[in-house]
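Trainee: The structure's right below; bear with me while I get my questions together.
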Amino acid sequence: QVQLVESGGGLVQPGDSLRVSCAASGRTFSAGAMGWFRQSPGKTREFVAAITWSGGSTYYADSVKGRFTISRDNAKNMAYLQMNNLKPEDTAVYYCALRLPGSSGSPYRGATYNYWGQGTQVTVSS
């Protein structure tokens with residue numbers, strides 16, 4: 001079993017930076033791809049970023065490309081999402097998710113992830 005716990009959310013102003021973290025427990029963390037998703041009130045969950053288990057490949061939504069950076073530290077069982085130049089439309093609950101090794105399907109699709117955290121709120125407002 002894997003447990004994921006997000007942290008680091010908060011209230012920031014437009015243009016600020018914030019890093020959210022995901023702490024994982026369980027032996028499969030280092031072998032699975034990690035993803036970040038977000039959901040705003042009244043909207044469906046959307047893909048933000050993903051990273052393969054080795055960190056060799058990353059994927060980003062067009063809306064965050066060039067502003068957000070996903071990374072992971074397998075030795076610490078941690079994943080991170082560095083968010084720069086935040087905009088009000090980035091306001092959402094951010095969730096980290098883990099795909100087990102051998103999972104098929106696009107990393108952009110939430111349905112391909114096996115474990116989810118409880119989320120951390122990020123609010124961008126002046």
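A note on labels: chains of the structure tokens are A, B, ... as shown, every chain counts residues from 1, and ligands are counted from 1 in their shown order.
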Skip Ala31 in chain A itself and residues of its chain fewer than 3 positions away, then list as a ChimeraX atom specification all residues within 8 Å of it, counting only C-alpha atoms.
Mentor: /A:28,53-54,100-101
Trainee: Using only C-alpha atoms, tabulate the residues of range 56-76 of chain A lying at most 9 Å from any atom of range 84-95 of chain A, each with its closest atom pair and that distance in Å to one decimal, by chain and increasing residue number, as a Markdown table.
Mentor:
```
| residue | atom | partner | partner_atom | distance |
| --- | --- | --- | --- | --- |
| A:Val64 | CA | A:Asp90 | CA | 8.7 |
| A:Gly66 | CA | A:Asn84 | CA | 8.7 |
| A:Arg67 | CA | A:Asn84 | CA | 5.1 |
| A:Phe68 | CA | A:Asn84 | CA | 6.0 |
| A:Thr69 | CA | A:Asn84 | CA | 8.5 |
```
Trainee: Neighbouring residues of Ile70 in chain A were defined as those with any atom within 7 Å, considering only C-alpha atoms; residues of the same chain fewer than 3 positions away were excluded. Please report them as a list of chain:residue names.
Mentor: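 Within the cut-off, the hits are A:Ala49, A:Ala50, A:Ile51, A:Tyr80, A:Leu81, A:Gln82.
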Trainee: Identify which of the residues A:Asn74, A:Gln121, A:Ser57, A:Met34 lies closest to Ser103 in chain A, counting only C-alpha atoms when measuring atom-to-atom distances.
Mentor: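 Looking only at the distances to Ser103 in chain A, the closest residue turns out to be A:Met34.
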Trainee: Hey, what's within 8 Å of Ser25 in chain A if we count only C-alpha atoms and toss same-chain stuff fewer than 4 positions away? As an MDAnalysis selection string, please?
Mentor: chainID A and resid 2:4 29 77
Trainee: Keeping only N, CA and C atoms, write those residues as a PDB file, in the first residue's frame.
Mentor:
```pdb
ATOM      1  N   VAL A   2       0.410   2.269  -0.661  1.00  0.00           N
ATOM      2  CA  VAL A   2       1.124   3.542  -0.741  1.00  0.00           C
ATOM      3  C   VAL A   2       0.238   4.637  -0.194  1.00  0.00           C
ATOM      4  N   GLN A   3       0.828   5.502   0.613  1.00  0.00           N
ATOM      5  CA  GLN A   3       0.127   6.689   1.087  1.00  0.00           C
ATOM      6  C   GLN A   3       0.852   7.928   0.588  1.00  0.00           C
ATOM      7  N   LEU A   4       0.082   8.899   0.130  1.00  0.00           N
ATOM      8  CA  LEU A   4       0.627  10.148  -0.381  1.00  0.00           C
ATOM      9  C   LEU A   4       0.060  11.299   0.442  1.00  0.00           C
ATOM     10  N   PHE A  29       7.049   3.498  -4.390  1.00  0.00           N
ATOM     11  CA  PHE A  29       7.155   4.898  -4.802  1.00  0.00           C
ATOM     12  C   PHE A  29       8.216   5.093  -5.864  1.00  0.00           C
ATOM     13  N   ASN A  77      11.678   9.651  -0.962  1.00  0.00           N
ATOM     14  CA  ASN A  77      10.263   9.366  -1.243  1.00  0.00           C
ATOM     15  C   ASN A  77       9.441  10.648  -1.334  1.00  0.00           C
TER      16      ASN A  77
END
```
Trainee: From the set A:Arg99, A:Asp62, A:Met83, A:Tyr113, which residue has the shortest atom-to-atom contact distance to Gly8 in chain A, counting only C-alpha atoms?
Mentor: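 Closest to Gly8 in chain A, using only C-alpha atoms: A:Met83.
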Trainee: Given the choices A:Gly42, A:Gly119, A:Gly102, A:Gly110, which gets closest to Gly9 in chain A if the distance is worked out from only C-alpha atoms?
Mentor: A:Gly119
Trainee: Between CA of Val122 in chain A and CA of Gly26 in chain A, measure the distance and give it in Å to one decimal.
Mentor: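 Between CA of Val122 in chain A and CA of Gly26 in chain A the gap works out to 26.2 Å.
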Trainee: DSSP on the backbone, then: every residue of chain A marked strand (DSSP E or B), written as a PDB file with N, CA and C atoms, in the first residue's frame.
Mentor:
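Result written to part_7.pdb:
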```pdb
ATOM      1  N   GLN A   3       0.828   5.502   0.613  1.00  0.00           N
ATOM      2  CA  GLN A   3       0.127   6.689   1.087  1.00  0.00           C
ATOM      3  C   GLN A   3       0.852   7.928   0.588  1.00  0.00           C
ATOM      4  N   LEU A   4       0.082   8.899   0.130  1.00  0.00           N
ATOM      5  CA  LEU A   4       0.627  10.148  -0.381  1.00  0.00           C
ATOM      6  C   LEU A   4       0.060  11.299   0.442  1.00  0.00           C
ATOM      7  N   VAL A   5       0.948  12.202   0.875  1.00  0.00           N
ATOM      8  CA  VAL A   5       0.515  13.343   1.683  1.00  0.00           C
ATOM      9  C   VAL A   5       1.130  14.612   1.093  1.00  0.00           C
ATOM     10  N   GLU A   6       0.261  15.518   0.647  1.00  0.00           N
ATOM     11  CA  GLU A   6       0.718  16.786   0.086  1.00  0.00           C
ATOM     12  C   GLU A   6       0.872  17.830   1.188  1.00  0.00           C
ATOM     13  N   SER A   7       1.736  18.794   0.935  1.00  0.00           N
ATOM     14  CA  SER A   7       1.923  19.921   1.848  1.00  0.00           C
ATOM     15  C   SER A   7       2.488  21.092   1.066  1.00  0.00           C
ATOM     16  N   GLY A  10      -0.941  27.251   0.129  1.00  0.00           N
ATOM     17  CA  GLY A  10      -1.155  28.469   0.877  1.00  0.00           C
ATOM     18  C   GLY A  10      -1.731  29.566   0.016  1.00  0.00           C
ATOM     19  N   LEU A  11      -1.758  30.768   0.594  1.00  0.00           N
ATOM     20  CA  LEU A  11      -2.274  31.956  -0.088  1.00  0.00           C
ATOM     21  C   LEU A  11      -1.083  32.798  -0.553  1.00  0.00           C
ATOM     22  N   VAL A  12      -1.026  33.071  -1.842  1.00  0.00           N
ATOM     23  CA  VAL A  12       0.040  33.892  -2.396  1.00  0.00           C
ATOM     24  C   VAL A  12      -0.558  34.918  -3.339  1.00  0.00           C
ATOM     25  N   LEU A  18       5.655  29.289  -5.321  1.00  0.00           N
ATOM     26  CA  LEU A  18       5.284  28.386  -4.236  1.00  0.00           C
ATOM     27  C   LEU A  18       5.727  26.989  -4.641  1.00  0.00           C
ATOM     28  N   ARG A  19       6.169  26.218  -3.670  1.00  0.00           N
ATOM     29  CA  ARG A  19       6.506  24.820  -3.935  1.00  0.00           C
ATOM     30  C   ARG A  19       5.632  23.929  -3.067  1.00  0.00           C
ATOM     31  N   VAL A  20       4.903  23.025  -3.713  1.00  0.00           N
ATOM     32  CA  VAL A  20       4.135  22.024  -2.994  1.00  0.00           C
ATOM     33  C   VAL A  20       4.895  20.701  -3.045  1.00  0.00           C
ATOM     34  N   SER A  21       4.746  19.949  -1.966  1.00  0.00           N
ATOM     35  CA  SER A  21       5.483  18.700  -1.825  1.00  0.00           C
ATOM     36  C   SER A  21       4.517  17.535  -1.637  1.00  0.00           C
ATOM     37  N   CYS A  22       5.024  16.355  -1.968  1.00  0.00           N
ATOM     38  CA  CYS A  22       4.251  15.131  -1.796  1.00  0.00           C
ATOM     39  C   CYS A  22       5.150  14.098  -1.136  1.00  0.00           C
ATOM     40  N   ALA A  23       4.782  13.690   0.058  1.00  0.00           N
ATOM     41  CA  ALA A  23       5.543  12.670   0.784  1.00  0.00           C
ATOM     42  C   ALA A  23       4.862  11.324   0.595  1.00  0.00           C
ATOM     43  N   ALA A  24       5.632  10.344   0.188  1.00  0.00           N
ATOM     44  CA  ALA A  24       5.078   9.020  -0.093  1.00  0.00           C
ATOM     45  C   ALA A  24       5.636   7.978   0.855  1.00  0.00           C
ATOM     46  N   SER A  25       4.803   7.037   1.209  1.00  0.00           N
ATOM     47  CA  SER A  25       5.242   5.880   1.974  1.00  0.00           C
ATOM     48  C   SER A  25       4.890   4.629   1.198  1.00  0.00           C
ATOM     49  N   MET A  34       5.001   9.717 -11.144  1.00  0.00           N
ATOM     50  CA  MET A  34       4.239  10.608 -10.270  1.00  0.00           C
ATOM     51  C   MET A  34       3.571  11.693 -11.098  1.00  0.00           C
ATOM     52  N   GLY A  35       2.412  12.097 -10.665  1.00  0.00           N
ATOM     53  CA  GLY A  35       1.708  13.158 -11.347  1.00  0.00           C
ATOM     54  C   GLY A  35       1.132  14.162 -10.362  1.00  0.00           C
ATOM     55  N   TRP A  36       0.916  15.373 -10.844  1.00  0.00           N
ATOM     56  CA  TRP A  36       0.204  16.409 -10.099  1.00  0.00           C
ATOM     57  C   TRP A  36      -1.039  16.790 -10.906  1.00  0.00           C
ATOM     58  N   PHE A  37      -2.151  16.878 -10.201  1.00  0.00           N
ATOM     59  CA  PHE A  37      -3.414  17.297 -10.790  1.00  0.00           C
ATOM     60  C   PHE A  37      -3.986  18.404  -9.916  1.00  0.00           C
ATOM     61  N   ARG A  38      -4.965  19.119 -10.440  1.00  0.00           N
ATOM     62  CA  ARG A  38      -5.604  20.149  -9.645  1.00  0.00           C
ATOM     63  C   ARG A  38      -7.090  20.220  -9.975  1.00  0.00           C
ATOM     64  N   GLN A  39      -7.833  20.730  -9.003  1.00  0.00           N
ATOM     65  CA  GLN A  39      -9.275  20.875  -9.202  1.00  0.00           C
ATOM     66  C   GLN A  39      -9.746  22.141  -8.518  1.00  0.00           C
ATOM     67  N   GLU A  46      -7.969  18.455 -13.445  1.00  0.00           N
ATOM     68  CA  GLU A  46      -7.155  18.574 -14.639  1.00  0.00           C
ATOM     69  C   GLU A  46      -5.699  18.221 -14.360  1.00  0.00           C
ATOM     70  N   PHE A  47      -5.079  17.697 -15.381  1.00  0.00           N
ATOM     71  CA  PHE A  47      -3.672  17.330 -15.321  1.00  0.00           C
ATOM     72  C   PHE A  47      -2.807  18.582 -15.232  1.00  0.00           C
ATOM     73  N   VAL A  48      -1.749  18.517 -14.422  1.00  0.00           N
ATOM     74  CA  VAL A  48      -0.808  19.620 -14.320  1.00  0.00           C
ATOM     75  C   VAL A  48       0.575  19.202 -14.825  1.00  0.00           C
ATOM     76  N   ALA A  49       1.119  18.124 -14.239  1.00  0.00           N
ATOM     77  CA  ALA A  49       2.466  17.694 -14.607  1.00  0.00           C
ATOM     78  C   ALA A  49       2.665  16.245 -14.186  1.00  0.00           C
ATOM     79  N   ALA A  50       3.641  15.586 -14.810  1.00  0.00           N
ATOM     80  CA  ALA A  50       3.991  14.216 -14.453  1.00  0.00           C
ATOM     81  C   ALA A  50       5.474  13.992 -14.689  1.00  0.00           C
ATOM     82  N   ILE A  51       6.012  13.001 -13.983  1.00  0.00           N
ATOM     83  CA  ILE A  51       7.430  12.687 -14.099  1.00  0.00           C
ATOM     84  C   ILE A  51       7.595  11.183 -13.996  1.00  0.00           C
ATOM     85  N   THR A  58       9.496  14.313 -18.331  1.00  0.00           N
ATOM     86  CA  THR A  58       8.478  15.106 -17.650  1.00  0.00           C
ATOM     87  C   THR A  58       7.425  15.542 -18.653  1.00  0.00           C
ATOM     88  N   TYR A  59       6.246  15.799 -18.150  1.00  0.00           N
ATOM     89  CA  TYR A  59       5.108  16.191 -18.973  1.00  0.00           C
ATOM     90  C   TYR A  59       4.399  17.347 -18.278  1.00  0.00           C
ATOM     91  N   TYR A  60       3.916  18.303 -19.070  1.00  0.00           N
ATOM     92  CA  TYR A  60       3.256  19.467 -18.505  1.00  0.00           C
ATOM     93  C   TYR A  60       2.007  19.825 -19.309  1.00  0.00           C
ATOM     94  N   PHE A  68       5.845  26.037 -14.244  1.00  0.00           N
ATOM     95  CA  PHE A  68       5.890  24.992 -13.213  1.00  0.00           C
ATOM     96  C   PHE A  68       6.978  23.984 -13.555  1.00  0.00           C
ATOM     97  N   THR A  69       7.569  23.412 -12.509  1.00  0.00           N
ATOM     98  CA  THR A  69       8.576  22.367 -12.683  1.00  0.00           C
ATOM     99  C   THR A  69       8.296  21.225 -11.708  1.00  0.00           C
ATOM    100  N   ILE A  70       8.184  20.025 -12.249  1.00  0.00           N
ATOM    101  CA  ILE A  70       7.991  18.842 -11.410  1.00  0.00           C
ATOM    102  C   ILE A  70       9.340  18.162 -11.196  1.00  0.00           C
ATOM    103  N   SER A  71       9.536  17.630 -10.002  1.00  0.00           N
ATOM    104  CA  SER A  71      10.768  16.909  -9.699  1.00  0.00           C
ATOM    105  C   SER A  71      10.470  15.857  -8.644  1.00  0.00           C
ATOM    106  N   ARG A  72      11.430  14.987  -8.410  1.00  0.00           N
ATOM    107  CA  ARG A  72      11.262  13.960  -7.390  1.00  0.00           C
ATOM    108  C   ARG A  72      12.611  13.594  -6.810  1.00  0.00           C
ATOM    109  N   ASP A  73      12.575  13.096  -5.583  1.00  0.00           N
ATOM    110  CA  ASP A  73      13.761  12.602  -4.906  1.00  0.00           C
ATOM    111  C   ASP A  73      13.413  11.218  -4.377  1.00  0.00           C
ATOM    112  N   MET A  78       9.985  11.629  -2.055  1.00  0.00           N
ATOM    113  CA  MET A  78       9.329  12.920  -2.184  1.00  0.00           C
ATOM    114  C   MET A  78       9.155  13.299  -3.645  1.00  0.00           C
ATOM    115  N   ALA A  79       8.080  14.006  -3.920  1.00  0.00           N
ATOM    116  CA  ALA A  79       7.861  14.631  -5.217  1.00  0.00           C
ATOM    117  C   ALA A  79       7.513  16.096  -4.963  1.00  0.00           C
ATOM    118  N   TYR A  80       7.857  16.936  -5.925  1.00  0.00           N
ATOM    119  CA  TYR A  80       7.685  18.373  -5.740  1.00  0.00           C
ATOM    120  C   TYR A  80       7.070  19.002  -6.994  1.00  0.00           C
ATOM    121  N   LEU A  81       6.405  20.108  -6.775  1.00  0.00           N
ATOM    122  CA  LEU A  81       5.918  20.924  -7.880  1.00  0.00           C
ATOM    123  C   LEU A  81       6.284  22.371  -7.548  1.00  0.00           C
ATOM    124  N   GLN A  82       7.285  22.873  -8.252  1.00  0.00           N
ATOM    125  CA  GLN A  82       7.687  24.268  -8.092  1.00  0.00           C
ATOM    126  C   GLN A  82       6.838  25.109  -9.029  1.00  0.00           C
ATOM    127  N   MET A  83       6.145  26.083  -8.465  1.00  0.00           N
ATOM    128  CA  MET A  83       5.224  26.909  -9.241  1.00  0.00           C
ATOM    129  C   MET A  83       5.706  28.359  -9.195  1.00  0.00           C
ATOM    130  N   ALA A  92      -6.515  26.355  -6.881  1.00  0.00           N
ATOM    131  CA  ALA A  92      -7.117  25.025  -6.923  1.00  0.00           C
ATOM    132  C   ALA A  92      -6.595  24.199  -5.754  1.00  0.00           C
ATOM    133  N   VAL A  93      -7.208  23.056  -5.564  1.00  0.00           N
ATOM    134  CA  VAL A  93      -6.639  22.029  -4.692  1.00  0.00           C
ATOM    135  C   VAL A  93      -5.713  21.186  -5.554  1.00  0.00           C
ATOM    136  N   TYR A  94      -4.486  21.044  -5.114  1.00  0.00           N
ATOM    137  CA  TYR A  94      -3.485  20.291  -5.868  1.00  0.00           C
ATOM    138  C   TYR A  94      -3.303  18.912  -5.247  1.00  0.00           C
ATOM    139  N   TYR A  95      -3.358  17.902  -6.109  1.00  0.00           N
ATOM    140  CA  TYR A  95      -3.241  16.519  -5.679  1.00  0.00           C
ATOM    141  C   TYR A  95      -2.024  15.866  -6.337  1.00  0.00           C
ATOM    142  N   CYS A  96      -1.292  15.076  -5.555  1.00  0.00           N
ATOM    143  CA  CYS A  96      -0.278  14.234  -6.178  1.00  0.00           C
ATOM    144  C   CYS A  96      -0.840  12.830  -6.329  1.00  0.00           C
ATOM    145  N   ALA A  97      -0.302  12.121  -7.309  1.00  0.00           N
ATOM    146  CA  ALA A  97      -0.797  10.791  -7.620  1.00  0.00           C
ATOM    147  C   ALA A  97       0.354   9.917  -8.098  1.00  0.00           C
ATOM    148  N   LEU A  98       0.211   8.615  -7.903  1.00  0.00           N
ATOM    149  CA  LEU A  98       1.257   7.657  -8.251  1.00  0.00           C
ATOM    150  C   LEU A  98       0.711   6.585  -9.187  1.00  0.00           C
ATOM    151  N   TYR A 115      -2.824   5.666  -6.897  1.00  0.00           N
ATOM    152  CA  TYR A 115      -2.917   6.219  -5.542  1.00  0.00           C
ATOM    153  C   TYR A 115      -2.961   7.743  -5.614  1.00  0.00           C
ATOM    154  N   TRP A 116      -3.713   8.323  -4.664  1.00  0.00           N
ATOM    155  CA  TRP A 116      -3.904   9.768  -4.635  1.00  0.00           C
ATOM    156  C   TRP A 116      -3.716  10.279  -3.215  1.00  0.00           C
ATOM    157  N   THR A 120      -3.783  19.687  -1.357  1.00  0.00           N
ATOM    158  CA  THR A 120      -3.380  20.884  -0.624  1.00  0.00           C
ATOM    159  C   THR A 120      -3.883  22.096  -1.398  1.00  0.00           C
ATOM    160  N   GLN A 121      -4.448  23.048  -0.678  1.00  0.00           N
ATOM    161  CA  GLN A 121      -5.078  24.219  -1.309  1.00  0.00           C
ATOM    162  C   GLN A 121      -4.022  25.258  -1.677  1.00  0.00           C
ATOM    163  N   VAL A 122      -4.098  25.717  -2.913  1.00  0.00           N
ATOM    164  CA  VAL A 122      -3.276  26.835  -3.380  1.00  0.00           C
ATOM    165  C   VAL A 122      -4.220  27.931  -3.835  1.00  0.00           C
ATOM    166  N   THR A 123      -4.070  29.101  -3.245  1.00  0.00           N
ATOM    167  CA  THR A 123      -4.917  30.240  -3.586  1.00  0.00           C
ATOM    168  C   THR A 123      -4.028  31.391  -4.028  1.00  0.00           C
ATOM    169  N   VAL A 124      -4.306  31.898  -5.223  1.00  0.00           N
ATOM    170  CA  VAL A 124      -3.549  33.016  -5.775  1.00  0.00           C
ATOM    171  C   VAL A 124      -4.490  34.197  -5.886  1.00  0.00           C
TER     172      VAL A 124
END
```
Trainee: Can you work out the spacing between CA of Thr44 in chain A and CA of Pro107 in chain A in Å, to one decimal?
Mentor: 16.9 Å
